[in-house]
Amino acid sequence: MGNTVLLTGTDDLGFMIKGIFTYNFFGHEVWITTTHVCLLIVMLVIIGFCVAANICIKKAQDVPGRFQNIVELVVELLDGMVSSSMGKAAGKFANYIGTLFIFIFISNISGLFGLRPPTADYGVTLPLGVITFCLILFNKLKYQKLSGFIKGLCEPWPFWAPINIIGDVAVPISLSLRLFANVLSGTVMMALVYGLLSMVAYAWPAVLHVYFDLFSGAIQTYVFCMLTMTYVTDAIGDGLEEA
Amino acid sequence: MDGSTGISGADLIKACSAIGAGLAVIAGIGPGVGQGIAAGYAASAVGRNPGAKGEITSTMLLGQAVAETTGLYGLLIAMLLLFVKPLLND
């Protein structure tokens with residue numbers, strides 16, 4: 001199988017990404033791996049929830065029922081989180097941050113249901129980091145204009161620019177690697193517990209699942225979203241008040 | 001048992017990769033100390049101002065997660081050495 005995907009191996013270890021089948025895409029050999037399948041399952045769960053929520057909200061009542069309560073709770077939590085850290089710009093980014101939060105959270109806790117978390121694949125987290133990077137660049141150019149952008153690069157002295165550029169490029173890499181390594185370490189830990197202690201692994205690994213999947217996953221989701229919001233707010237600067 | 005069983009180059013690389021992986025996860029010491037310091041200051045901050053507990057907790061968790069990154073880089077290098085084996089080119 002080779003190194004078509006990072007951490008792909010033929011060793012029979014539980015936490016590896018496994019290729020399921022391969023097909024030819026314009027001469028390239030493309031693998032469909034467990035990540036794709038798990039991602040699809042996560043996506044279907046989220047879409048199902050969204051469709052149900054949409055139907056529920058279309059005929060919303062003044063006294064919310066059980067499901068309407070849950071939907072309102074989720075939306076209020078996400079909106080509160082975004083508006084508390086982005087202030088005036090919250091309205092523009094609440095949608096994106098909310099989507100990001102729900103996707104990463106469901107992906108991280110999918111380990112609870114026996115899936116290999118899709119976020120334990122660098123191919124999933126790097127695009128998320130790159131999207132954040134594009135958002136930062138776009139908002140910097142939009143609100144600080146090209147002059148402010150170049151001025152920001154030349155802080156504190158013009159010859160400091162290469163170091164500032166490296167610092168900017170490091171943002172998506174560190175963001176994505178942090179999420180990836182955290183989820184991967186949880187996955188590896190659980191695979192080791194089930195693989196090495198399979199004789200005595202009854203019931204008590206549930207405690208580890210709560211820590212590695214629920215707690216760690218929720219914290220990392222929160223951190224990814226908070227850092228994205230911090231960077232974007234920083235990129236907007238004072239631009240929004242003038243506009 | 002005549003002492004003729006030599007160690008091949010690939011074996012040596014595998015053994016050294018295992019040692020290197022062990023050395024790489026020593027990087028975990030730094031974030032451990034750092035997270036402990038952050039948690040300690042957060043505890044004293046809650047002691048001084050119990051009303052701001054939520055704010056302090058979220059700030060602490062954010063800072064700790066950022067501090068954790070260096071340790072995770074060490075973990076990643078250990079994983080690469082153990083499972084991807086970049087030094088074995090065959």
# chains A, B, ... in the order shown; residues from 1 in each chain; ligands from 1
>>> interface_residues(of="chain B", to="chain A", cutoff="10 Å", atoms="only C-alpha atoms", output="list in words")
Ser58, Thr59, Leu61, Leu62, Gly63, Gln64, Ala65, Val66, Glu68, Thr69, Thr70, Gly71, Leu72, Tyr73, Gly74, Leu75, Leu76, Met79, Leu80, Leu82, Phe83, Val84, Lys85 and Pro86 of chain B
>>> select_by_dssp(residues="region 58-240 of chain A", states="alpha helix (DSSP H)", output="ChimeraX atom specification")
/A:58,66-86,90-109,122-153,161-196,205-209,216-236,239-240
>>> write_last_selection(atoms="C-alpha atoms", output="tab-separated table (two decimals), in the first residue's frame")
chain	number	residue	atom	x	y	z
A	58	LYS	CA	-40.33	25.52	10.26
A	66	ARG	CA	-37.98	18.39	23.32
A	67	PHE	CA	-36.19	18.47	19.97
A	68	GLN	CA	-36.78	22.17	19.39
A	69	ASN	CA	-35.21	22.79	22.79
A	70	ILE	CA	-32.05	20.93	21.79
A	71	VAL	CA	-31.77	22.81	18.48
A	72	GLU	CA	-32.25	26.17	20.19
A	73	LEU	CA	-29.70	25.25	22.85
A	74	VAL	CA	-27.06	24.34	20.24
A	75	VAL	CA	-27.63	27.51	18.21
A	76	GLU	CA	-27.60	29.73	21.30
A	77	LEU	CA	-24.40	28.14	22.62
A	78	LEU	CA	-22.59	28.58	19.30
A	79	ASP	CA	-23.86	32.14	18.82
A	80	GLY	CA	-22.85	33.04	22.37
A	81	MET	CA	-19.39	31.60	21.89
A	82	VAL	CA	-18.82	33.49	18.63
A	83	SER	CA	-20.22	36.81	19.82
A	84	SER	CA	-18.28	36.71	23.09
A	85	SER	CA	-14.94	36.48	21.31
A	86	MET	CA	-15.54	38.28	18.01
A	90	ALA	CA	-19.71	37.90	15.05
A	91	GLY	CA	-22.63	38.12	12.64
A	92	LYS	CA	-20.47	37.46	9.61
A	93	PHE	CA	-18.63	34.48	11.01
A	94	ALA	CA	-21.17	32.74	13.24
A	95	ASN	CA	-22.19	30.45	10.38
A	96	TYR	CA	-18.69	29.33	9.53
A	97	ILE	CA	-17.54	28.88	13.13
A	98	GLY	CA	-20.74	27.01	13.99
A	99	THR	CA	-20.28	24.65	11.06
A	100	LEU	CA	-16.64	24.11	11.97
A	101	PHE	CA	-17.53	23.44	15.60
A	102	ILE	CA	-20.24	20.90	14.85
A	103	PHE	CA	-18.18	19.10	12.22
A	104	ILE	CA	-15.01	18.81	14.32
A	105	PHE	CA	-16.96	17.87	17.44
A	106	ILE	CA	-18.96	15.09	15.79
A	107	SER	CA	-15.78	13.87	14.06
A	108	ASN	CA	-13.85	13.77	17.34
A	109	ILE	CA	-16.51	11.93	19.31
A	122	TYR	CA	-3.86	14.83	8.51
A	123	GLY	CA	-5.66	15.01	5.18
A	124	VAL	CA	-8.78	16.19	7.01
A	125	THR	CA	-7.26	18.67	9.44
A	126	LEU	CA	-4.86	20.37	7.02
A	127	PRO	CA	-7.70	21.67	4.77
A	128	LEU	CA	-9.42	23.04	7.87
A	129	GLY	CA	-6.22	24.89	8.76
A	130	VAL	CA	-5.84	26.14	5.19
A	131	ILE	CA	-9.43	27.46	5.18
A	132	THR	CA	-8.64	29.42	8.35
A	133	PHE	CA	-5.44	30.71	6.72
A	134	CYS	CA	-7.40	31.91	3.67
A	135	LEU	CA	-9.95	33.60	5.94
A	136	ILE	CA	-7.14	35.41	7.77
A	137	LEU	CA	-5.47	36.55	4.54
A	138	PHE	CA	-8.76	37.61	2.93
A	139	ASN	CA	-9.88	39.64	5.93
A	140	LYS	CA	-6.47	41.24	6.34
A	141	LEU	CA	-6.52	42.37	2.70
A	142	LYS	CA	-10.15	43.46	2.93
A	143	TYR	CA	-10.02	45.50	6.13
A	144	GLN	CA	-6.41	46.62	6.42
A	145	LYS	CA	-5.92	47.07	2.64
A	146	LEU	CA	-2.66	46.23	0.93
A	147	SER	CA	-0.79	49.05	2.66
A	148	GLY	CA	-1.78	47.85	6.12
A	149	PHE	CA	-0.95	44.28	5.11
A	150	ILE	CA	2.56	45.23	4.03
A	151	LYS	CA	2.98	47.48	7.04
A	152	GLY	CA	2.04	44.56	9.27
A	153	LEU	CA	4.66	42.40	7.62
A	161	ALA	CA	9.51	40.52	7.08
A	162	PRO	CA	10.78	36.96	6.41
A	163	ILE	CA	10.29	36.05	10.06
A	164	ASN	CA	6.77	37.53	10.02
A	165	ILE	CA	5.96	35.53	6.87
A	166	ILE	CA	7.18	32.33	8.52
A	167	GLY	CA	5.06	33.18	11.56
A	168	ASP	CA	2.00	33.64	9.34
A	169	VAL	CA	2.55	30.41	7.43
A	170	ALA	CA	3.05	28.51	10.69
A	171	VAL	CA	-0.51	29.33	11.77
A	172	PRO	CA	-2.39	26.76	9.64
A	173	ILE	CA	0.31	24.14	10.19
A	174	SER	CA	0.25	24.42	13.96
A	175	LEU	CA	-3.57	24.64	14.03
A	176	SER	CA	-4.02	21.49	11.97
A	177	LEU	CA	-1.19	19.53	13.60
A	178	ARG	CA	-2.55	20.30	17.07
A	179	LEU	CA	-5.98	18.89	16.26
A	180	PHE	CA	-4.53	15.95	14.32
A	181	ALA	CA	-2.00	14.93	16.97
A	182	ASN	CA	-4.46	15.22	19.83
A	183	VAL	CA	-7.09	13.04	18.19
A	184	LEU	CA	-4.46	10.63	16.89
A	185	SER	CA	-2.91	10.22	20.35
A	186	GLY	CA	-6.35	9.37	21.76
A	187	THR	CA	-6.95	6.87	18.97
A	188	VAL	CA	-3.54	5.24	19.49
A	189	MET	CA	-4.10	5.02	23.24
A	190	MET	CA	-7.46	3.31	22.80
A	191	ALA	CA	-6.01	0.94	20.18
A	192	LEU	CA	-3.20	0.04	22.57
A	193	VAL	CA	-5.64	-0.60	25.42
A	194	TYR	CA	-7.82	-2.82	23.25
A	195	GLY	CA	-4.88	-4.47	21.51
A	196	LEU	CA	-2.52	-5.16	24.40
A	205	PRO	CA	-12.02	1.38	28.96
A	206	ALA	CA	-15.28	3.34	28.93
A	207	VAL	CA	-13.61	5.75	31.39
A	208	LEU	CA	-10.73	6.22	28.95
A	209	HIS	CA	-13.23	6.79	26.14
A	216	SER	CA	-10.11	15.80	24.73
A	217	GLY	CA	-12.26	16.02	21.60
A	218	ALA	CA	-14.45	18.77	23.02
A	219	ILE	CA	-11.44	20.75	24.28
A	220	GLN	CA	-9.66	20.52	20.94
A	221	THR	CA	-12.82	21.54	19.06
A	222	TYR	CA	-13.18	24.56	21.34
A	223	VAL	CA	-9.50	25.46	20.96
A	224	PHE	CA	-9.58	25.19	17.15
A	225	CYS	CA	-12.64	27.44	16.93
A	226	MET	CA	-11.34	29.92	19.53
A	227	LEU	CA	-7.98	30.23	17.77
A	228	THR	CA	-9.66	30.68	14.38
A	229	MET	CA	-11.83	33.43	15.83
A	230	THR	CA	-8.86	35.08	17.56
A	231	TYR	CA	-6.79	35.13	14.37
A	232	VAL	CA	-9.67	36.41	12.23
A	233	THR	CA	-10.58	39.11	14.76
A	234	ASP	CA	-6.93	40.10	14.82
A	235	ALA	CA	-6.88	40.26	11.00
A	236	ILE	CA	-9.97	42.48	10.91
A	239	GLY	CA	-11.45	47.86	10.17
A	240	LEU	CA	-15.06	47.11	11.03
>>> residues_around(residues="Ala39 (chain B)", least_positions_apart="2", cutoff="9 Å", atoms="only C-alpha atoms", output="list in words")
Gly34, Gln35, Gly36, Ile37, Tyr41, Ala42, Ala43, Ser44, Thr57, Met60, Leu61 and Gln64 of chain B
>>> write_last_selection(atoms="N, CA and C atoms", output="JSON list (two decimals), in the first residue's frame")
[["chain", "number", "residue", "atom", "x", "y", "z"],
["B", 34, "GLY", "N", 4.57, 23.31, 31.84],
["B", 34, "GLY", "CA", 3.87, 24.54, 31.46],
["B", 34, "GLY", "C", 2.40, 24.49, 31.80],
["B", 35, "GLN", "N", 1.77, 23.34, 31.52],
["B", 35, "GLN", "CA", 0.33, 23.23, 31.82],
["B", 35, "GLN", "C", 0.10, 23.27, 33.31],
["B", 36, "GLY", "N", 1.01, 22.66, 34.08],
["B", 36, "GLY", "CA", 0.88, 22.71, 35.53],
["B", 36, "GLY", "C", 0.96, 24.13, 36.05],
["B", 37, "ILE", "N", 1.90, 24.91, 35.52],
["B", 37, "ILE", "CA", 2.04, 26.31, 35.95],
["B", 37, "ILE", "C", 0.77, 27.08, 35.62],
["B", 41, "TYR", "N", -1.70, 28.95, 38.31],
["B", 41, "TYR", "CA", -2.08, 30.37, 38.31],
["B", 41, "TYR", "C", -3.58, 30.54, 38.16],
["B", 42, "ALA", "N", -4.21, 29.65, 37.35],
["B", 42, "ALA", "CA", -5.66, 29.73, 37.20],
["B", 42, "ALA", "C", -6.34, 29.46, 38.54],
["B", 43, "ALA", "N", -5.80, 28.48, 39.30],
["B", 43, "ALA", "CA", -6.39, 28.18, 40.61],
["B", 43, "ALA", "C", -6.29, 29.38, 41.53],
["B", 44, "SER", "N", -5.11, 30.05, 41.53],
["B", 44, "SER", "CA", -4.97, 31.20, 42.42],
["B", 44, "SER", "C", -5.85, 32.35, 41.95],
["B", 57, "THR", "N", -11.38, 29.62, 33.41],
["B", 57, "THR", "CA", -11.23, 28.24, 32.96],
["B", 57, "THR", "C", -11.03, 28.17, 31.46],
["B", 60, "MET", "N", -7.61, 29.40, 30.55],
["B", 60, "MET", "CA", -6.59, 28.42, 30.94],
["B", 60, "MET", "C", -6.53, 27.27, 29.93],
["B", 61, "LEU", "N", -7.72, 26.77, 29.57],
["B", 61, "LEU", "CA", -7.74, 25.62, 28.64],
["B", 61, "LEU", "C", -7.14, 26.01, 27.29],
["B", 64, "GLN", "N", -3.39, 26.27, 27.68],
["B", 64, "GLN", "CA", -2.79, 24.95, 27.85],
["B", 64, "GLN", "C", -2.75, 24.19, 26.53]]
>>> atom_distance(atom1="CA of Phe21 (chain A)", atom2="CA of Thr33 (chain A)")
7.3 Å
>>> select_by_dssp(residues="region 7-229 of chain A", states="strand (DSSP E or B)", output="list of chain:residue names")
A:Thr8, A:Ile17, A:Gly19, A:Ile20, A:Phe21, A:Thr22, A:Tyr23, A:Asn24, A:Phe25, A:His28, A:Glu29, A:Val30, A:Trp31, A:Ile32, A:Thr33
>>> atom_distance(atom1="CA of Ala78 (chain B)", atom2="CA of Ala120 (chain A)")
15.8 Å
>>> residues_around(residues="Ile19 (chain B)", least_positions_apart="5", cutoff="12 Å", atoms="only C-alpha atoms", output="VMD selection string")
chain B and resid 12 to 14 24 to 26 77 to 78 81 to 82
>>> atom_distance(atom1="CA of Leu112 (chain A)", atom2="CA of Glu55 (chain B)")
28.9 Å
